$ cat start-v6.cif   # mmCIF, C-alpha atoms
data_entry
#
loop_
_atom_site.label_atom_id
_atom_site.label_comp_id
_atom_site.auth_asym_id
_atom_site.auth_seq_id
_atom_site.Cartn_x
_atom_site.Cartn_y
_atom_site.Cartn_z
CA MET F 1 0.00 0.00 0.00
CA ASN F 2 1.54 3.27 -1.12
CA ILE F 3 0.30 6.53 0.38
CA TYR F 4 1.82 8.66 -2.37
CA ASN F 5 3.52 8.13 -5.70
CA SER F 6 7.21 8.89 -5.59
CA THR F 7 8.54 11.09 -8.36
CA LYS F 8 12.29 11.08 -7.63
CA VAL F 9 14.83 8.29 -7.89
CA LEU F 10 16.07 8.01 -4.31
CA PRO F 11 17.32 5.22 -2.02
CA TYR F 12 14.48 3.86 0.10
CA VAL F 13 13.65 1.66 3.08
CA TYR F 14 10.75 -0.77 2.87
CA MET F 15 8.92 -3.30 5.02
CA CYS F 16 7.25 -6.53 3.94
CA LYS F 17 4.76 -8.14 6.34
CA GLU F 18 3.57 -11.67 5.72
CA LYS F 19 -0.23 -11.69 5.32
CA ASN F 20 -1.12 -14.77 7.36
CA SER F 21 1.58 -14.62 10.03
CA PRO F 22 3.34 -12.10 12.28
CA TYR F 23 6.62 -12.34 10.33
CA PHE F 24 8.05 -9.25 8.65
CA TYR F 25 11.15 -8.13 6.76
CA ILE F 26 12.86 -4.74 6.59
CA GLY F 27 15.18 -3.82 3.73
CA TYR F 28 16.63 -0.96 1.75
CA ARG F 29 17.50 -0.31 -1.87
CA TYR F 30 19.79 2.27 -3.40
CA ALA F 31 20.65 0.88 -6.86
CA ASN F 32 17.29 1.75 -8.38
CA TYR F 33 16.80 3.68 -11.63
CA ASP F 34 13.12 4.39 -11.10
CA PRO F 35 11.16 6.05 -8.28
CA SER F 36 10.44 3.70 -5.40
CA THR F 37 6.75 3.24 -6.22
CA LYS F 38 7.63 2.15 -9.78
CA ASP F 39 10.62 0.05 -8.71
CA PHE F 40 9.56 -1.95 -5.66
CA GLY F 41 7.37 -4.90 -6.51
CA LYS F 42 7.73 -4.34 -10.23
CA LYS F 43 11.48 -4.53 -10.89
CA TYR F 44 12.93 -5.21 -7.44
CA PHE F 45 11.60 -7.93 -5.15
CA THR F 46 13.97 -7.71 -2.11
CA SER F 47 17.30 -9.40 -1.54
CA ASN F 48 15.90 -11.98 0.88
CA ASN F 49 15.28 -15.32 -0.85
CA TYR F 50 12.27 -16.31 1.26
CA VAL F 51 10.50 -12.98 0.77
CA ARG F 52 11.35 -12.88 -2.94
CA GLU F 53 10.01 -16.40 -3.57
CA ASN F 54 6.79 -15.66 -1.64
CA PHE F 55 6.45 -12.01 -2.64
CA ASP F 56 2.71 -12.22 -3.29
CA ASN F 57 2.11 -13.46 0.28
CA PHE F 58 3.48 -10.20 1.72
CA GLU F 59 2.07 -6.72 2.18
CA HIS F 60 4.63 -4.13 1.05
CA THR F 61 5.19 -0.64 2.40
CA ILE F 62 7.82 1.92 1.50
CA ILE F 63 8.70 3.47 4.84
CA ALA F 64 11.02 6.31 3.84
CA GLU F 65 13.18 7.74 1.07
CA PHE F 66 16.62 9.28 1.54
CA PHE F 67 19.08 11.41 -0.41
CA THR F 68 22.06 9.10 0.23
CA LYS F 69 22.46 5.33 0.41
CA GLU F 70 24.39 5.71 3.69
CA ASP F 71 21.38 7.39 5.32
CA SER F 72 19.01 4.71 4.06
CA TYR F 73 21.30 1.94 5.30
CA ALA F 74 21.69 3.65 8.69
CA TYR F 75 17.91 3.99 9.03
CA GLU F 76 17.31 0.37 8.02
CA SER F 77 19.89 -0.82 10.57
CA GLN F 78 18.40 1.35 13.30
CA LEU F 79 14.89 0.13 12.51
CA ILE F 80 15.98 -3.52 12.59
CA GLN F 81 17.70 -2.94 15.92
CA GLU F 82 14.68 -1.15 17.44
CA LEU F 83 12.14 -3.67 16.15
CA ASN F 84 14.24 -6.69 17.08
CA SER F 85 11.66 -9.43 17.39
CA GLU F 86 11.42 -13.17 17.04
CA TYR F 87 9.24 -12.49 13.99
CA LEU F 88 11.84 -10.38 12.20
CA ILE F 89 12.95 -12.36 9.14
CA ASN F 90 16.22 -10.37 8.92
CA SER F 91 17.55 -11.83 12.18
CA GLN F 92 16.56 -15.41 11.33
CA ARG F 93 19.34 -15.81 8.78
CA TYR F 94 21.87 -15.99 11.60
CA LYS F 95 20.01 -18.83 13.29
CA LYS F 96 20.24 -20.99 10.16
CA CYS F 97 24.05 -21.15 10.19
CA LYS F 98 25.63 -24.56 10.16
CA PRO F 99 26.97 -25.71 13.49
CA TYR F 100 30.70 -26.00 13.94
CA GLN F 101 32.05 -29.15 12.34
CA LYS F 102 35.31 -30.69 13.41
CA VAL F 103 37.94 -30.95 10.69
CA ILE F 104 39.21 -34.47 10.14
CA VAL F 105 42.98 -34.43 10.13
CA ASP F 106 44.90 -37.11 8.28
CA ASN F 107 48.34 -37.34 9.93
CA SER F 108 49.36 -40.46 8.10
CA PRO F 109 52.70 -40.24 6.27
CA LYS F 110 52.49 -39.02 2.67
CA ILE F 111 55.05 -38.83 -0.12
CA CYS F 112 56.01 -35.48 -1.66
CA ALA F 113 54.01 -34.74 -4.85
CA LEU F 114 56.98 -33.20 -6.68
CA PRO F 115 58.29 -35.67 -9.25
CA GLY F 116 61.70 -37.02 -8.25
CA CYS F 117 61.31 -36.33 -4.52
CA ASP F 118 60.32 -39.33 -2.44
CA LYS F 119 60.50 -37.75 1.02
CA GLU F 120 57.76 -38.59 3.52
CA PHE F 121 55.95 -35.91 5.52
CA THR F 122 52.83 -35.69 7.73
CA ASN F 123 51.48 -32.15 7.25
CA TRP F 124 47.89 -32.70 6.11
CA ARG F 125 47.54 -29.17 4.68
CA VAL F 126 50.12 -29.38 1.90
CA GLN F 127 51.06 -31.76 -0.88
CA CYS F 128 54.85 -31.45 -0.70
CA CYS F 129 57.49 -31.97 1.95
CA CYS F 130 58.82 -28.37 2.00
CA ARG F 131 57.92 -24.90 0.80
CA SER F 132 60.32 -24.83 -2.15
CA HIS F 133 58.94 -28.12 -3.45
CA GLN F 134 55.39 -26.78 -3.00
CA GLN F 135 56.24 -23.72 -5.11
CA LYS F 136 57.85 -25.83 -7.85
CA PHE F 137 54.92 -28.23 -7.80
CA SER F 138 52.40 -25.36 -8.06
CA GLY F 139 54.31 -23.85 -10.98
CA MET F 140 54.46 -27.13 -12.83
CA ARG F 141 50.75 -27.74 -12.23
CA ALA F 142 49.85 -24.21 -13.38
CA HIS F 143 51.72 -24.72 -16.66
CA ASN F 144 50.31 -28.22 -17.19
CA LYS F 145 53.75 -29.81 -17.13
CA PHE F 146 52.22 -33.01 -15.80
CA THR F 147 48.92 -34.41 -14.69
CA VAL F 148 48.25 -34.94 -11.02
CA LEU F 149 46.41 -38.04 -9.92
CA VAL F 150 44.79 -37.30 -6.58
#
$ encode --input "start-v6.cif" --output "structure tokens"
Amino acid sequence: MNIYNSTKVLPYVYMCKEKNSPYFYIGYRYANYDPSTKDFGKKYFTSNNYVRENFDNFEHTIIAEFFTKEDSYAYESQLIQELNSEYLINSQRYKKCKPYQKVIVDNSPKICALPGCDKEFTNWRVQCCCRSHQQKFSGMRAHNKFTVLV
């Protein structure tokens, strides 16, 4: 629902509220080439994947327009901080992060990947026994001097 039709191309802050739930999303846009009322919902459909894919299930409101993108970003950030709620879709992206996974380390002895060097080493992060061999190996691989079977 737009109260007025915008006539200038300015950065803007908007809010999308899901129609059948209390969830809402706050965002801003500054890379528009049309006024906000002609841009939002016609050319731009938010940067949030969930809101974009379900755009028709949301009510859209342009909250404010600004002269600079820094001001619009600052206002969006302040609004998100003030309206911090369990229903704010912006803050839910942090809850969906993958939990910490332990890295499996293979400390078994390996043989240097540089042709002609048969030294054994146990550093699981590299393919060669020393730094100079690693550099030579990388150069040879970059210039396709040989094929690596891993």
$ resolve_selection --input "start-v6.cif" --expression "the PyMOL selection byres ((chain F and resi 4-13) around 12)" --output "mmCIF file with C-alpha atoms, keeping the file's coordinate frame"
data_model
loop_
_atom_site.group_PDB
_atom_site.id
_atom_site.type_symbol
_atom_site.label_atom_id
_atom_site.label_comp_id
_atom_site.auth_asym_id
_atom_site.auth_seq_id
_atom_site.Cartn_x
_atom_site.Cartn_y
_atom_site.Cartn_z
ATOM 1 C CA MET F 1 0.000 0.000 0.000
ATOM 2 C CA ASN F 2 1.540 3.270 -1.120
ATOM 3 C CA ILE F 3 0.300 6.530 0.380
ATOM 4 C CA TYR F 14 10.750 -0.770 2.870
ATOM 5 C CA MET F 15 8.920 -3.300 5.020
ATOM 6 C CA CYS F 16 7.250 -6.530 3.940
ATOM 7 C CA TYR F 25 11.150 -8.130 6.760
ATOM 8 C CA ILE F 26 12.860 -4.740 6.590
ATOM 9 C CA GLY F 27 15.180 -3.820 3.730
ATOM 10 C CA TYR F 28 16.630 -0.960 1.750
ATOM 11 C CA ARG F 29 17.500 -0.310 -1.870
ATOM 12 C CA TYR F 30 19.790 2.270 -3.400
ATOM 13 C CA ALA F 31 20.650 0.880 -6.860
ATOM 14 C CA ASN F 32 17.290 1.750 -8.380
ATOM 15 C CA TYR F 33 16.800 3.680 -11.630
ATOM 16 C CA ASP F 34 13.120 4.390 -11.100
ATOM 17 C CA PRO F 35 11.160 6.050 -8.280
ATOM 18 C CA SER F 36 10.440 3.700 -5.400
ATOM 19 C CA THR F 37 6.750 3.240 -6.220
ATOM 20 C CA LYS F 38 7.630 2.150 -9.780
ATOM 21 C CA ASP F 39 10.620 0.050 -8.710
ATOM 22 C CA PHE F 40 9.560 -1.950 -5.660
ATOM 23 C CA TYR F 44 12.930 -5.210 -7.440
ATOM 24 C CA THR F 46 13.970 -7.710 -2.110
ATOM 25 C CA HIS F 60 4.630 -4.130 1.050
ATOM 26 C CA THR F 61 5.190 -0.640 2.400
ATOM 27 C CA ILE F 62 7.820 1.920 1.500
ATOM 28 C CA ILE F 63 8.700 3.470 4.840
ATOM 29 C CA ALA F 64 11.020 6.310 3.840
ATOM 30 C CA GLU F 65 13.180 7.740 1.070
ATOM 31 C CA PHE F 66 16.620 9.280 1.540
ATOM 32 C CA PHE F 67 19.080 11.410 -0.410
ATOM 33 C CA THR F 68 22.060 9.100 0.230
ATOM 34 C CA LYS F 69 22.460 5.330 0.410
ATOM 35 C CA GLU F 70 24.390 5.710 3.690
ATOM 36 C CA ASP F 71 21.380 7.390 5.320
ATOM 37 C CA SER F 72 19.010 4.710 4.060
ATOM 38 C CA TYR F 73 21.300 1.940 5.300
ATOM 39 C CA ALA F 74 21.690 3.650 8.690
ATOM 40 C CA TYR F 75 17.910 3.990 9.030
ATOM 41 C CA GLU F 76 17.310 0.370 8.020
ATOM 42 C CA SER F 77 19.890 -0.820 10.570
ATOM 43 C CA GLN F 78 18.400 1.350 13.300
ATOM 44 C CA LEU F 79 14.890 0.130 12.510
ATOM 45 C CA ILE F 80 15.980 -3.520 12.590
#
$ residues_around --input "start-v6.cif" --residues "F:Cys128" --least-positions-apart "3" --cutoff "10 Å" --atoms "all atoms listed in the file" --output "list in words"
Lys110, Ile111, Cys112, Ala113, Leu114, Cys117, Asp118, Lys119, Glu120, Phe121, Thr122, Asn123, Trp124, Arg125, Arg131, Ser132, His133, Gln134, Gln135, Lys136, Phe137 and Ser138 of chain F
$ atom_distance --input "start-v6.cif" --atom1 "atom CA of F:Lys42" --atom2 "atom CA of F:Asn84"
28.2 Å
$ atom_distance --input "start-v6.cif" --atom1 "atom CA of F:Met140" --atom2 "atom CA of F:Pro109"
23.2 Å
$ atom_distance --input "start-v6.cif" --atom1 "atom CA of F:Lys43" --atom2 "atom CA of F:Lys19"
21.2 Å
$ residues_around --input "start-v6.cif" --residues "F:Val51" --least-positions-apart "5" --cutoff "10 Å" --atoms "all atoms listed in the file" --output "PyMOL selection string"
chain F and resi 16-18+24-25+45-46+56-58+89
$ closest_residue --input "start-v6.cif" --among "F:Val126, F:Asn49, F:Asn90, F:Arg141" --to "F:Asp106" --atoms "all atoms listed in the file"
F:Val126
$ axis_aligned_box --input "start-v6.cif" --around "stretch 14-19 of chain F" --padding-each-side "5 Å" --output "AutoDock Vina command-line options"
--center_x 5.3 --center_y -6.2 --center_z 4.6 --size_x 21.0 --size_y 20.9 --size_z 13.5
$ decode --input "start-v6.cif" --residues "stretch 67-128 of chain F" --atoms "C-alpha atoms" --output "CSV table (one decimal), in the first residue's frame"
chain,number,residue,atom,x,y,z
F,67,PHE,CA,19.1,11.4,-0.4
F,68,THR,CA,22.1,9.1,0.2
F,69,LYS,CA,22.5,5.3,0.4
F,70,GLU,CA,24.4,5.7,3.7
F,71,ASP,CA,21.4,7.4,5.3
F,72,SER,CA,19.0,4.7,4.1
F,73,TYR,CA,21.3,1.9,5.3
F,74,ALA,CA,21.7,3.6,8.7
F,75,TYR,CA,17.9,4.0,9.0
F,76,GLU,CA,17.3,0.4,8.0
F,77,SER,CA,19.9,-0.8,10.6
F,78,GLN,CA,18.4,1.3,13.3
F,79,LEU,CA,14.9,0.1,12.5
F,80,ILE,CA,16.0,-3.5,12.6
F,81,GLN,CA,17.7,-2.9,15.9
F,82,GLU,CA,14.7,-1.2,17.4
F,83,LEU,CA,12.1,-3.7,16.1
F,84,ASN,CA,14.2,-6.7,17.1
F,85,SER,CA,11.7,-9.4,17.4
F,86,GLU,CA,11.4,-13.2,17.0
F,87,TYR,CA,9.2,-12.5,14.0
F,88,LEU,CA,11.8,-10.4,12.2
F,89,ILE,CA,12.9,-12.4,9.1
F,90,ASN,CA,16.2,-10.4,8.9
F,91,SER,CA,17.5,-11.8,12.2
F,92,GLN,CA,16.6,-15.4,11.3
F,93,ARG,CA,19.3,-15.8,8.8
F,94,TYR,CA,21.9,-16.0,11.6
F,95,LYS,CA,20.0,-18.8,13.3
F,96,LYS,CA,20.2,-21.0,10.2
F,97,CYS,CA,24.0,-21.1,10.2
F,98,LYS,CA,25.6,-24.6,10.2
F,99,PRO,CA,27.0,-25.7,13.5
F,100,TYR,CA,30.7,-26.0,13.9
F,101,GLN,CA,32.1,-29.1,12.3
F,102,LYS,CA,35.3,-30.7,13.4
F,103,VAL,CA,37.9,-31.0,10.7
F,104,ILE,CA,39.2,-34.5,10.1
F,105,VAL,CA,43.0,-34.4,10.1
F,106,ASP,CA,44.9,-37.1,8.3
F,107,ASN,CA,48.3,-37.3,9.9
F,108,SER,CA,49.4,-40.5,8.1
F,109,PRO,CA,52.7,-40.2,6.3
F,110,LYS,CA,52.5,-39.0,2.7
F,111,ILE,CA,55.1,-38.8,-0.1
F,112,CYS,CA,56.0,-35.5,-1.7
F,113,ALA,CA,54.0,-34.7,-4.9
F,114,LEU,CA,57.0,-33.2,-6.7
F,115,PRO,CA,58.3,-35.7,-9.2
F,116,GLY,CA,61.7,-37.0,-8.3
F,117,CYS,CA,61.3,-36.3,-4.5
F,118,ASP,CA,60.3,-39.3,-2.4
F,119,LYS,CA,60.5,-37.7,1.0
F,120,GLU,CA,57.8,-38.6,3.5
F,121,PHE,CA,56.0,-35.9,5.5
F,122,THR,CA,52.8,-35.7,7.7
F,123,ASN,CA,51.5,-32.1,7.3
F,124,TRP,CA,47.9,-32.7,6.1
F,125,ARG,CA,47.5,-29.2,4.7
F,126,VAL,CA,50.1,-29.4,1.9
F,127,GLN,CA,51.1,-31.8,-0.9
F,128,CYS,CA,54.8,-31.5,-0.7
